[in-house]
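Here's the structure, in structure tokens; my notes come after.
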4 protein chains.
Amino acid sequence: MSKVKILNDPVYGFISIPYGIIFDLVEHPYFQRLRRIKQVSLTHYVYPGALHTRFHHALGAYHLTCQAIDVLRSKGTEISDAEAEAVGISILLHDIGHGPFSHTLEHTLINVTHEQLSVMIMEQLNQEFEGALSLAIEIFNNRYHKPFLHQLVSGQLDMDRMDYLNRDSFFTGVSEGVIGYDRIIKMLAVHNNHLVVEEKGIYSIEKFLIARRLMYWQVYLHKTVLSAEQMLIQTLRRAKMLRHRGIKLGVQGSLNYFLENTFSEQDFRLNRAILLERFTSLDDTDIASALKYWQEHFDPILSFMSKNLITRRLFKLEFMDRQPDSDHIRLLRQKIEKQHPYSHDVTDYLLIMGKETNTAYSTSKEEIQILLKSGEVKPMSLISDHGIQPKIFTKHYLCYPKDVKI
Amino acid sequence: MSKVKILNDPVYGFISIPYGIIFDLVEHPYFQRLRRIKQVSLTHYVYPGALHTRFHHALGAYHLTCQAIDVLRSKGTEISDAEAEAVGISILLHDIGHGPFSHTLEHTLINVTHEQLSVMIMEQLNQEFEGALSLAIEIFNNRYHKPFLHQLVSGQLDMDRMDYLNRDSFFTGVSEGVIGYDRIIKMLAVHNNHLVVEEKGIYSIEKFLIARRLMYWQVYLHKTVLSAEQMLIQTLRRAKMLRHRGIKLGVQGSLNYFLENTFSEQDFRLNRAILLERFTSLDDTDIASALKYWQEHFDPILSFMSKNLITRRLFKLEFMDRQPDSDHIRLLRQKIEKQHPYSHDVTDYLLIMGKETNTAYSTSKEEIQILLKSGEVKPMSLISDHGIQPKIFTKHYLCYPKDVKI
Amino acid sequence: MSKVKILNDPVYGFISIPYGIIFDLVEHPYFQRLRRIKQVSLTHYVYPGALHTRFHHALGAYHLTCQAIDVLRSKGTEISDAEAEAVGISILLHDIGHGPFSHTLEHTLINVTHEQLSVMIMEQLNQEFEGALSLAIEIFNNRYHKPFLHQLVSGQLDMDRMDYLNRDSFFTGVSEGVIGYDRIIKMLAVHNNHLVVEEKGIYSIEKFLIARRLMYWQVYLHKTVLSAEQMLIQTLRRAKMLRHRGIKLGVQGSLNYFLENTFSEQDFRLNRAILLERFTSLDDTDIASALKYWQEHFDPILSFMSKNLITRRLFKLEFMDRQPDSDHIRLLRQKIEKQHPYSHDVTDYLLIMGKETNTAYSTSKEEIQILLKSGEVKPMSLISDHGIQPKIFTKHYLCYPKDVKI
Amino acid sequence: MSKVKILNDPVYGFISIPYGIIFDLVEHPYFQRLRRIKQVSLTHYVYPGALHTRFHHALGAYHLTCQAIDVLRSKGTEISDAEAEAVGISILLHDIGHGPFSHTLEHTLINVTHEQLSVMIMEQLNQEFEGALSLAIEIFNNRYHKPFLHQLVSGQLDMDRMDYLNRDSFFTGVSEGVIGYDRIIKMLAVHNNHLVVEEKGIYSIEKFLIARRLMYWQVYLHKTVLSAEQMLIQTLRRAKMLRHRGIKLGVQGSLNYFLENTFSEQDFRLNRAILLERFTSLDDTDIASALKYWQEHFDPILSFMSKNLITRRLFKLEFMDRQPDSDHIRLLRQKIEKQHPYSHDVTDYLLIMGKETNTAYSTSKEEIQILLKSGEVKPMSLISDHGIQPKIFTKHYLCYPKDVKI
């Protein structure tokens with residue numbers, strides 16, 4: 001009877017998936033794979049509820065997109081059924097190119113961004129679905145003549161962001177990230193083919209921007225999360241290095257394949273079908289399972305890192321305002337080498353240096369536009385009292401085993 | 001400064017873990033392992049949010065137990081600090097014996113219940129912690145002279161149940177399961193050393209009982225969940241059978257060990273240290289990873305089942321009031337054999353029969369006791385208007401591939 | 001720009017009111033008056049948050065009705081825009097006939113039910129709006145050829161009930177009353193022109209029925225609420241009696257008018273314009289203000305009751321299973337007369353006897369119909385496991401000043 | 001059995017009131033009076049749920065204070081039971097001096113601030129309770145040697161603010177105002193006898209400050225709310241003026257008394273018992289009831305204003321960045337006089353000019369102090385990235401009947 005499949009979602013109550021291409025895409029193994037890719041990688045080491053997946057996020061973003069389209073139509077913006085479906089497909093698949101542990105391993109396993117992979121997978125699916133995704137791909141690539149459709153998928157106020165802030169805040173329990181997404185969506189409008197926000201929604205936008213910033217420091221760049229993720233990267237780097245030296249890692253199939261080779265976008269373009277086949281068989285399980293196995297590997301660095309990750313004995317991470325000076329680093333290296341005398345290159349993996357930038361706010365990019373009651377459109381930053389100009393921060397960090405005392 | 005570690009929990013806001021033995025147990029690899037065991041197995045195939053783990057549940061139940069102890073103390077019940085800590089340990093570890101996919105694989109992988117394993121692991125930890133868990137074990141085994149302490153851990157109104165109803169309802173988004181846990185806890189009291197509920201809490205109890213029943217049908221015994229879980233059981237059964245025939249399964253370590261042997265409680269008692277070492281290295285990852293690998297296994301039944309589980313092409317499941325008649329079954333077997341002519345014993349795995357009983361309500365066991373304003377104590381079922389006598393239902397089911405039409 | 005006025009509602013987030021007749025009715029003084037009539041009378045004496053008004057409830061019920069219409073339309077039920085608007089008007093005005101303190105004073109101030117008054121006021125408004133409410137009135141009176149439209153306004157699953165359970169539970173904080181209204185609405189369908197519920201929604205219905213019952217005992221028939229409301233009734237009875245004896249009460253305008261006269265439906269029919277003018281100028285304020293003034297009235301019963309109500313020194317109320325026996329009553333009378341020797345008829349006001357019935361469940365009336373997956377329609381009570389047959393309870397009570405001890 | 005009275009609160013779940021002086025104060029007519037004083041005056045004209053009262057707020061703030069005391073004690077701060085009770089009393093009564101419509105009429109009815117009245121009422125109660133409030137009064141007046149106790153009642157992070165932001169946001173449904181009060185309270189500590197916040201709580205504080213600012217513009221200074229409140233002030237001003245001219249207003253008792261006289265703090269000090277007796281008999285009911293009555297008063301300005309308030313036909317309010325220029329005002333006066341030619345002084349009431357300042361942020365006053373992990377204490381504004389320096393805004397406004405077009 002019903003023309004939609006209804007899913008329970010603790011965040012929005014219900015999500016409706018219309019039978020037809022949307023439903024078929026959800027059922028596709030490429031999309032089902034997202035069930036095995038956690039949205040926020042190892043964040044659950046700090047916030048135990050944060051086990052939600054890219055699958056759930058993609059459905060949530062799709063749900064909000066449907067709401068946004070309803071709102072825009074009710075305000076007189078013309079959006080055909082075909083366009084609405086295409087935006088829906090576009091948002092549904094916007095993260096389809098994510099690999100295991102999402103962003104964390106993005107440049108460790110292969111040398112291709114998830115956006116590039118998303119496009120390639122969409123193209124692959126377009127072939128399979130005989131052209132039914134063409135318009136969706138045009139919108140995704142911002143080549144369609146109604147840019148506001150692309151902005152719903154990717155822009156300062158896209159439904160991706162709207163859902164992930166909501167969802168990450170919900171599953172972490174970090175109430176500072178709660179946003180008034182329903183109000184923001186109700187305040188969306190289209191002006192000159194671009195997405196704008198009605199003036200009445202300005203406080204919700206302001207709160208949205210703040211929530212985003214707070215989520216950066218409290219969740220996305222949380223010390224312990226960062227430490228866990230950096231440890232994971234080093235572990236995979238070590239594994240790759242060992243593999244290149246011909247050492248057996250005891251892992252099979254696709255993971256082994258990507259440990260043995262580092263493919264570039266070019267490679268993917270040239271052998272799309274084969275490489276995507278391989279890539280889409282990877283997910284968090286492969287890494288988690290390898291880590292468990294490597295706990296007993298004979299390479300002391302690989303086993304040390306793996307064991308610490310599995311039992312959650314995470315490295316200590318110190319933030320600092322400036323790049324750490326070389327004396328300090330030299331000292332640290334010595335201490336680490338003494339405490340963990342596994343091999344000459346131990347500090348290449350056990351001493352992690354890096355920096356993170358709170359990029360939440362860059363107003364340089366396409367800015368949020370406010371539709372004033374007067375009919376005029378102004379960028380958010382020019383409207384009095386709302387032009388918070390956050391300092392952009394770069395924090396450096398050093399990360400190393402807890403038993404190394406300085 | 002703080003004597004507690006504070007965790008964010010989307011269900012209760014915050015959970016405080018006191019430094020000392022409680023914190024040390026949480027840090028222990030046995031407990032950290034629970035991070036990799038989902039609370040409700042494959043329920044996330046229907047409710048995508050239900051990815052929460054035994055780790056999170058154990059912490060939640062511990063949190064509620066602390067609240068309950070505060071309430072009881074405030075009403076004059078004497079509970080020493082040592083007793084309070086022991087109940088805390090007891091609830092924290094009540095599920096420590098769960099293996100991969102919790103209840104689902106409970107009798108497939110080994111022949112020991114999770115309760116028996118919990119006790120054995122607690123004993124093992126007690127050795128490690130030099131006797132610090134002795135009182136906790138006494139309470140867990142209901143051998144302590146204050147039975148209400150045991151009842152907080154295991155009984156009609158234990159904090160285990162209180163947390164899992166809450167948490168499962170939260171993460172599935174099934175609002176029918178929401179319970180007034182805070183009110184129930186506030187209404188707990190001790191009478192003659194037994195846990196009772198003050199009369200004012202009777203409506204909350206009633207709602208709790210209903211919520212439990214609704215969760216059974218909507219979540220725990222949901223058709224599709226049942227189908228997925230039964231498929232998982234059959235897949236493992238198949239794998240074990242193949243292994244017994246000497247066929248290589250490509251899995252390593254502990255999982256292989258438990259596929260090759262079926263240990264009894266007796267075995268565990270005799271070789272506790274070794275078998276627990278093995279057992280506690282298992283978790284959901286091992287199974288998930290094996291399923292992925294088996295998709296390409298040469299045994300057609302193993303690969304068929306594994307592929308269907310991974311891509312979520314689940315069997316159809318029909319509930320029926322009576323045991324299906326033998327003609328119907330014979331017909332089904334023929335159709336399955338025709339459609340899936342893999343081997344002579346294909347229907348041993350592709351035709352699943354069983355029954356489920358809504359056991360939510362059995363008043364036969366220790367019943368909830370109400371402390372009337374008059375000071376008298378009466379079982380819930382004797383109090384007018386509240387004595388809902390639910391029918392106990394046994395539903396039979398048949399479960400088989402969707403492409404088999406009858 | 002927007003064609004709707006958006007209101008914040010803590011229960012549903014936002015309520016949209018389309019400009020046009022709906023908006024004009026909301027702006028009408030008759031409807032604005034509902035801002036001054038509390039939804040649940042004196043319930044806030046027990047649940048301090050329960051100050052919400054008929055105004056808010058009417059808007060909430062309107063909001064749910066709009067959602068229900070969307071759902072039905074999406075399932076193929078034809079509902080014209082005119083019909084949709086008419087149902088909207090009908091639900092918006094369904095409580096417009098409520099007087100001060102809603103149900104509590106329904107038969108004390110005048111002898112007309114609020115439903116009869118709602119119809120008369122709608123007719124009056126229909127005149128004012130030149131026939132624009134004709135269809136709404138037809139639907140309200142169940143004379144329209146699509147009964148399901150009436151059932152949305154008044155029936156076992158009407159949007160009135162759906163909103164008030166939700167809203168009363170929200171503002172009292174009684175979580176036992178929470179219902180899955182969104183799920184229920186999503187499961188509504190029309191079969192043979194009657195409102196039915198799809199089988200998948202059966203658990204939500206079950207929870208809805210339980211929630212309703214729990215709200216009766218925990219809120220609507222709460223001892224202390226009942227006591228306060230009965231005291232209010234007796235106070236008004238006393239005032240009317242004094243007024244009939246020619247005693248000045250110091251109140252002006254319409255309240256005085258209705259204290260001096262007791263009008264019947266007949267009277268209202270004959271002098272509709274005048275009496276409605278009077279009636280619609282009454283609200284909670286008039287009564288509250290009179291009570292404050294009467295605290296100093298020379299009639300000792302009137303002042304005693306008023307003072308106790310204002311300072312919340314409420315009578316004690318005892319529930320009993322049977323009608324209290326006459327000896328007990330006689331004794332009580334003597335004690336009251338001794339303790340409060342104000343006049344010969346003191347016990348006519350200070351001893352309140354009555355009974356309340358938990359009518360939440362009467363299946364005798366039009367029952368909830370379930371649309372099975374087979375296409376068949378069955379009443380809820382015939383579907384296995386869901387046929388809760390609640391006992392219907394009549395509780396008698398005695399209510400009198402706390403200082404009267406027996 | 002229980003030593004506490006438990007109240008349902010939709011905001012916090014439950015509020016426990018210990019029997020003893022706290023309970024007795026809650027039962028006192030002075031405190032019960034707060035049930036009839038809405039927390040946010042006429043805000044419900046915009047947010048229909050915002051009907052909550054000072055009674056509910058005072059209980060909520062008391063609840064949070066109890067939590068804060070528990071937290072501080074758990075961190076080693078010594079707070080005796082007597083001190084804890086005194087802070088409890090102090091916060092419970094902090095708003096006891098509010099008159100009808102809280103802040104709105106604060107300087108219209110009498111010339112005394114509500115804080116001054118709170119102190120006087122506490123002193124009166126102290127007499128009645130034979131000195132039991134002495135310590136509470138000392139703390140309230142910040143004369144006690146542990147300033148952090150006073151800071152819980154009144155300061156940058158007091159429990160008053162914590163509750164009202166929470167509660168106002170809850171009942172208005174303005175989610176922008178939601179704060180992580182539980183986290184903030186958990187992060188409170190005492191350093192050198194002053195209230196500080198642990199570094200980990202800094203994001204919650206940041207969100208709290210933003211939420212406060214957003215609540216100012218979205219709720220407390222909402223155009224329509226401001227218009228309604230200003231209209232109310234003008235109506236009362238008119239009434240007072242008429243009364244001074246000897247014109248009968250048809251109101252009785254205390255309201256009449258305060259319309260006839262304007263008392264200063266001095267007057268209250270000299271005749272405390274009598275004036276407080278009068279003052280504490282006033283509440284929202286008296287004003288609401290007078291407005292209803294005045295709809296028919298022969299003074300055209302009084303009746304015009306009253307009728308518009310009762311039927312919610314509110315004046316138009318324009319914000320402007322600068323003081324409106326005199327030409328503009330002169331023009332407006334002419335138009336108003338033409339449209340509403342009631343008397344020569346009509347524009348003294350129908351043209352309302354004023355300004356409002358977003359004072360949410362003044363860091364000039366006692367600033368929030370952060371306790372760094374290093375043990376050092378720094379003001380919030382000095383901590384990098386968190387030092388939001390909001391612009392302080394003064395907005396001027398003009399407010400006049402909607403039918404006056406310019």
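Labeling convention for the structure tokens: chains A, B, ... as they appear, residues from 1 per chain, ligands from 1 in order of appearance.
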Handout entry: Contacts of range 100-108 of chain D at 6 Å (only C-alpha atoms; same-chain gap of 2+ positions) as an MDAnalysis selection string
Key = chainID D and resid 37 41 98 110:111 283:284
Could those residues be written to a file, using C-alpha atoms, as a PDB file, in the first residue's frame?
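Saved result, selection_32.pdb, follows:
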```pdb
ATOM      1  CA  ILE D  37       3.096  35.495  38.628  1.00  0.00           C
ATOM      2  CA  SER D  41       5.233  38.389  31.679  1.00  0.00           C
ATOM      3  CA  HIS D  98       8.416  40.129  42.333  1.00  0.00           C
ATOM      4  CA  ILE D 110       5.740  50.898  43.024  1.00  0.00           C
ATOM      5  CA  ASN D 111       9.136  52.527  43.242  1.00  0.00           C
ATOM      6  CA  ASP D 283      -0.468  39.118  41.404  1.00  0.00           C
ATOM      7  CA  ASP D 284      -1.034  38.821  37.641  1.00  0.00           C
TER       8      ASP D 284
END
```
Interface rows for chain B against chain D: nearest pair, Å to one decimal, 10 Å, only C-alpha atoms, as JSON lines:
```
{"residue": "B:Met1", "atom": "CA", "partner": "D:Lys75", "partner_atom": "CA", "distance": 7.3}
{"residue": "B:Ser2", "atom": "CA", "partner": "D:Lys75", "partner_atom": "CA", "distance": 6.3}
{"residue": "B:Lys3", "atom": "CA", "partner": "D:Lys75", "partner_atom": "CA", "distance": 7.7}
{"residue": "B:Val4", "atom": "CA", "partner": "D:Ser74", "partner_atom": "CA", "distance": 9.7}
{"residue": "B:Ile6", "atom": "CA", "partner": "D:Lys186", "partner_atom": "CA", "distance": 9.3}
{"residue": "B:Asn8", "atom": "CA", "partner": "D:Arg183", "partner_atom": "CA", "distance": 9.5}
{"residue": "B:Gly13", "atom": "CA", "partner": "D:Asp182", "partner_atom": "CA", "distance": 7.9}
{"residue": "B:Phe14", "atom": "CA", "partner": "D:Arg183", "partner_atom": "CA", "distance": 8.1}
{"residue": "B:Ser74", "atom": "CA", "partner": "D:Lys3", "partner_atom": "CA", "distance": 8.3}
{"residue": "B:Lys75", "atom": "CA", "partner": "D:Ser2", "partner_atom": "CA", "distance": 6.3}
{"residue": "B:Gly76", "atom": "CA", "partner": "D:Met1", "partner_atom": "CA", "distance": 9.2}
{"residue": "B:Gly180", "atom": "CA", "partner": "D:Gly13", "partner_atom": "CA", "distance": 9.5}
{"residue": "B:Asp182", "atom": "CA", "partner": "D:Gly13", "partner_atom": "CA", "distance": 7.9}
{"residue": "B:Arg183", "atom": "CA", "partner": "D:Phe14", "partner_atom": "CA", "distance": 8.1}
{"residue": "B:Lys186", "atom": "CA", "partner": "D:Ile6", "partner_atom": "CA", "distance": 9.3}
{"residue": "B:Met187", "atom": "CA", "partner": "D:Ser2", "partner_atom": "CA", "distance": 9.6}
{"residue": "B:Ala189", "atom": "CA", "partner": "D:Met1", "partner_atom": "CA", "distance": 9.9}
{"residue": "B:Glu198", "atom": "CA", "partner": "D:Met1", "partner_atom": "CA", "distance": 9.7}
{"residue": "B:Lys373", "atom": "CA", "partner": "D:Met1", "partner_atom": "CA", "distance": 9.0}
{"residue": "B:Gly375", "atom": "CA", "partner": "D:Met1", "partner_atom": "CA", "distance": 9.5}
```
Same residues, N, CA and C atoms, output as a tab-separated table (two decimals), in the first residue's frame:
```tsv
chain	number	residue	atom	x	y	z
B	1	MET	N	42.35	16.54	40.39
B	1	MET	CA	41.44	17.15	41.37
B	1	MET	C	40.22	16.26	41.58
B	2	SER	N	39.52	16.02	40.48
B	2	SER	CA	38.32	15.19	40.54
B	2	SER	C	38.69	13.77	40.92
B	3	LYS	N	37.82	13.13	41.68
B	3	LYS	CA	38.08	11.74	42.03
B	3	LYS	C	37.34	10.80	41.10
B	4	VAL	N	36.71	11.37	40.11
B	4	VAL	CA	35.96	10.53	39.17
B	4	VAL	C	36.31	10.90	37.74
B	6	ILE	N	34.63	11.37	34.18
B	6	ILE	CA	33.27	11.62	33.68
B	6	ILE	C	33.17	11.28	32.19
B	8	ASN	N	30.61	11.16	28.73
B	8	ASN	CA	29.34	11.59	28.13
B	8	ASN	C	28.53	10.38	27.72
B	13	GLY	N	23.29	11.56	30.00
B	13	GLY	CA	24.03	12.80	30.13
B	13	GLY	C	25.48	12.54	30.52
B	14	PHE	N	25.67	12.12	31.75
B	14	PHE	CA	27.02	11.84	32.22
B	14	PHE	C	27.04	10.58	33.06
B	74	SER	N	19.09	6.97	51.25
B	74	SER	CA	18.35	8.15	51.70
B	74	SER	C	17.06	7.75	52.42
B	75	LYS	N	16.63	6.51	52.19
B	75	LYS	CA	15.41	6.04	52.88
B	75	LYS	C	15.76	5.21	54.12
B	76	GLY	N	17.04	5.25	54.49
B	76	GLY	CA	17.42	4.62	55.74
B	76	GLY	C	17.98	3.20	55.62
B	180	GLY	N	10.07	5.18	32.54
B	180	GLY	CA	10.36	6.23	33.52
B	180	GLY	C	11.34	5.72	34.54
B	182	ASP	N	13.91	6.91	35.96
B	182	ASP	CA	14.26	7.76	37.09
B	182	ASP	C	13.20	7.70	38.19
B	183	ARG	N	11.93	7.66	37.75
B	183	ARG	CA	10.86	7.56	38.72
B	183	ARG	C	10.88	6.20	39.43
B	186	LYS	N	13.57	6.18	41.95
B	186	LYS	CA	13.22	7.00	43.11
B	186	LYS	C	12.22	6.29	44.03
B	187	MET	N	11.47	5.34	43.47
B	187	MET	CA	10.42	4.67	44.24
B	187	MET	C	10.89	3.34	44.84
B	189	ALA	N	12.60	0.74	47.37
B	189	ALA	CA	12.81	0.72	48.82
B	189	ALA	C	13.18	-0.70	49.20
B	198	GLU	N	7.65	1.52	46.13
B	198	GLU	CA	6.60	2.25	46.84
B	198	GLU	C	5.36	2.38	45.96
B	373	LYS	N	0.98	2.09	50.96
B	373	LYS	CA	1.08	3.18	51.95
B	373	LYS	C	0.81	2.67	53.35
B	375	GLY	N	1.91	0.11	54.60
B	375	GLY	CA	3.07	-0.59	55.14
B	375	GLY	C	3.11	-2.05	54.70
```
Exercise for the section: Report as a ChimeraX atom specification: the residues of range 227-376 of chain B with a DSSP assignment of strand (DSSP E or B), based on the backbone of this structure. Expected result: /B:264,316-320,352-357,369-371
Practice task
Determine, counting only C-alpha atoms, which protein, DNA and RNA residues have an atom within 9 Å of an atom of Glu367 in chain A; residues of the same chain fewer than 6 positions away are not included. Present the result as an NGL selection string.
Solution key: :A and (155-156 or 379-381)
Problem - Distance query Ser264 in chain D at most 8 Å, only C-alpha atoms, self and fewer than 2 positions along chain excluded, as a ChimeraX atom specification - result: /D:110-112,262,266-268
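Once Ile329 in chain A and its same-chain neighbours fewer than 2 positions away are set aside, Gln323, Pro324, Asp325, Ser326, Asp327, Leu331, Leu332, Arg333, Gln334, Lys335, Ile336, Thr347, Leu351, Ile352, Met353, Tyr397, Leu398, Cys399, Tyr400 and Ile406 of chain A remain within 12 Å of it when counting only C-alpha atoms.
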Practice task
Compile the contact shell of Asp286 in chain A as a count of residues only: residues with an atom at most 12 Å away, counting only C-alpha atoms, same-chain residues fewer than 4 positions apart removed.
Solution key: 33
Exercise for the section: For range 46-54 of chain D, please output as a ChimeraX atom specification all residues within 9 Å (counting only C-alpha atoms; exclusion window: fewer than 6 positions along the same chain). Expected result: /C:7-11,35,48-53,55-56 /D:34-40,95-96,98,102,167-174,219,222,224-225
Residue selection dump (N, CA and C atoms) as a compact mmCIF listing (two decimals), in the first residue's frame:
```
# COMPACT_ATOMS: atom_id res chain seq x y z
N LEU C 7 4.72 29.46 14.38
CA LEU C 7 4.74 29.60 15.84
C LEU C 7 5.68 28.56 16.45
N ASN C 8 6.43 28.95 17.46
CA ASN C 8 7.22 27.97 18.21
C ASN C 8 6.31 27.19 19.15
N ASP C 9 6.49 25.91 19.15
CA ASP C 9 5.72 25.09 20.10
C ASP C 9 6.71 24.11 20.74
N PRO C 10 6.84 24.15 22.06
CA PRO C 10 7.81 23.24 22.66
C PRO C 10 7.48 21.77 22.41
N VAL C 11 6.24 21.48 22.10
CA VAL C 11 5.86 20.08 21.90
C VAL C 11 6.24 19.60 20.48
N ARG C 35 -6.68 31.70 25.25
CA ARG C 35 -5.41 31.94 25.94
C ARG C 35 -5.60 32.07 27.44
N PRO C 48 3.27 21.66 38.56
CA PRO C 48 3.33 23.12 38.36
C PRO C 48 3.53 23.57 36.93
N GLY C 49 3.97 22.66 36.06
CA GLY C 49 4.16 23.07 34.67
C GLY C 49 2.88 23.10 33.85
N ALA C 50 1.79 22.54 34.41
CA ALA C 50 0.59 22.33 33.61
C ALA C 50 -0.28 23.57 33.50
N LEU C 51 0.30 24.63 32.98
CA LEU C 51 -0.42 25.88 32.84
C LEU C 51 -0.87 26.13 31.41
N HIS C 52 -0.65 25.16 30.55
CA HIS C 52 -0.97 25.33 29.13
C HIS C 52 -2.47 25.52 28.93
N THR C 53 -2.79 26.18 27.81
CA THR C 53 -4.16 26.62 27.62
C THR C 53 -4.89 25.90 26.48
N PHE C 55 -5.99 27.38 24.03
CA PHE C 55 -5.45 28.04 22.84
C PHE C 55 -4.33 27.21 22.23
N HIS C 56 -3.40 26.83 23.09
CA HIS C 56 -2.25 26.07 22.64
C HIS C 56 -2.68 24.68 22.16
N LEU D 34 3.52 33.13 44.19
CA LEU D 34 4.34 33.12 42.97
C LEU D 34 3.74 32.24 41.89
N ARG D 35 2.84 31.35 42.27
CA ARG D 35 2.09 30.56 41.28
C ARG D 35 1.27 31.45 40.36
N ARG D 36 1.00 32.65 40.79
CA ARG D 36 0.14 33.54 40.00
C ARG D 36 0.94 34.68 39.36
N ILE D 37 2.26 34.50 39.31
CA ILE D 37 3.10 35.49 38.63
C ILE D 37 3.92 34.80 37.55
N LYS D 38 3.57 35.12 36.33
CA LYS D 38 4.26 34.47 35.22
C LYS D 38 5.72 34.91 35.17
N GLN D 39 6.58 33.98 34.87
CA GLN D 39 8.03 34.24 34.85
C GLN D 39 8.39 35.29 33.80
N VAL D 40 7.78 35.18 32.63
CA VAL D 40 8.20 36.07 31.56
C VAL D 40 7.05 36.91 31.02
N ASP D 95 13.38 35.55 44.37
CA ASP D 95 12.43 36.30 43.54
C ASP D 95 11.11 36.55 44.25
N ILE D 96 11.10 36.33 45.54
CA ILE D 96 9.84 36.44 46.29
C ILE D 96 9.28 37.86 46.24
N HIS D 98 9.00 39.73 43.62
CA HIS D 98 8.42 40.13 42.33
C HIS D 98 6.92 40.40 42.46
N SER D 102 6.07 40.50 36.83
CA SER D 102 7.52 40.54 37.09
C SER D 102 8.17 41.86 36.70
N ARG D 167 14.66 27.05 31.58
CA ARG D 167 13.21 26.97 31.71
C ARG D 167 12.53 27.82 30.64
N ASP D 168 13.05 29.01 30.42
CA ASP D 168 12.44 29.88 29.41
C ASP D 168 12.62 29.25 28.03
N SER D 169 13.77 28.65 27.82
CA SER D 169 14.01 28.01 26.54
C SER D 169 13.09 26.79 26.38
N PHE D 170 12.90 26.07 27.45
CA PHE D 170 12.02 24.91 27.40
C PHE D 170 10.58 25.30 27.10
N PHE D 171 10.06 26.27 27.81
CA PHE D 171 8.63 26.59 27.66
C PHE D 171 8.34 27.44 26.42
N THR D 172 9.34 28.19 25.95
CA THR D 172 9.11 28.90 24.69
C THR D 172 9.31 27.97 23.50
N GLY D 173 10.11 26.93 23.70
CA GLY D 173 10.46 26.09 22.56
C GLY D 173 11.57 26.68 21.71
N VAL D 174 12.28 27.67 22.24
CA VAL D 174 13.38 28.27 21.49
C VAL D 174 14.65 27.48 21.79
N VAL D 219 13.87 36.18 22.54
CA VAL D 219 12.77 36.10 23.51
C VAL D 219 12.63 37.38 24.31
N HIS D 222 12.22 40.35 22.17
CA HIS D 222 11.46 40.13 20.94
C HIS D 222 10.52 41.30 20.72
N THR D 224 7.61 41.79 19.44
CA THR D 224 6.21 41.72 19.79
C THR D 224 6.03 41.63 21.30
N VAL D 225 6.96 40.94 21.95
CA VAL D 225 6.90 40.87 23.42
C VAL D 225 7.07 42.27 23.99
```
Handout entry: Nearest to Ser227 in chain B by atom-to-atom distance, counting only C-alpha atoms, from B:Asn358, B:Thr113, B:Thr43, B:Thr394
Key =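 Answer, going by the shortest atom-to-atom distance: B:Thr43.
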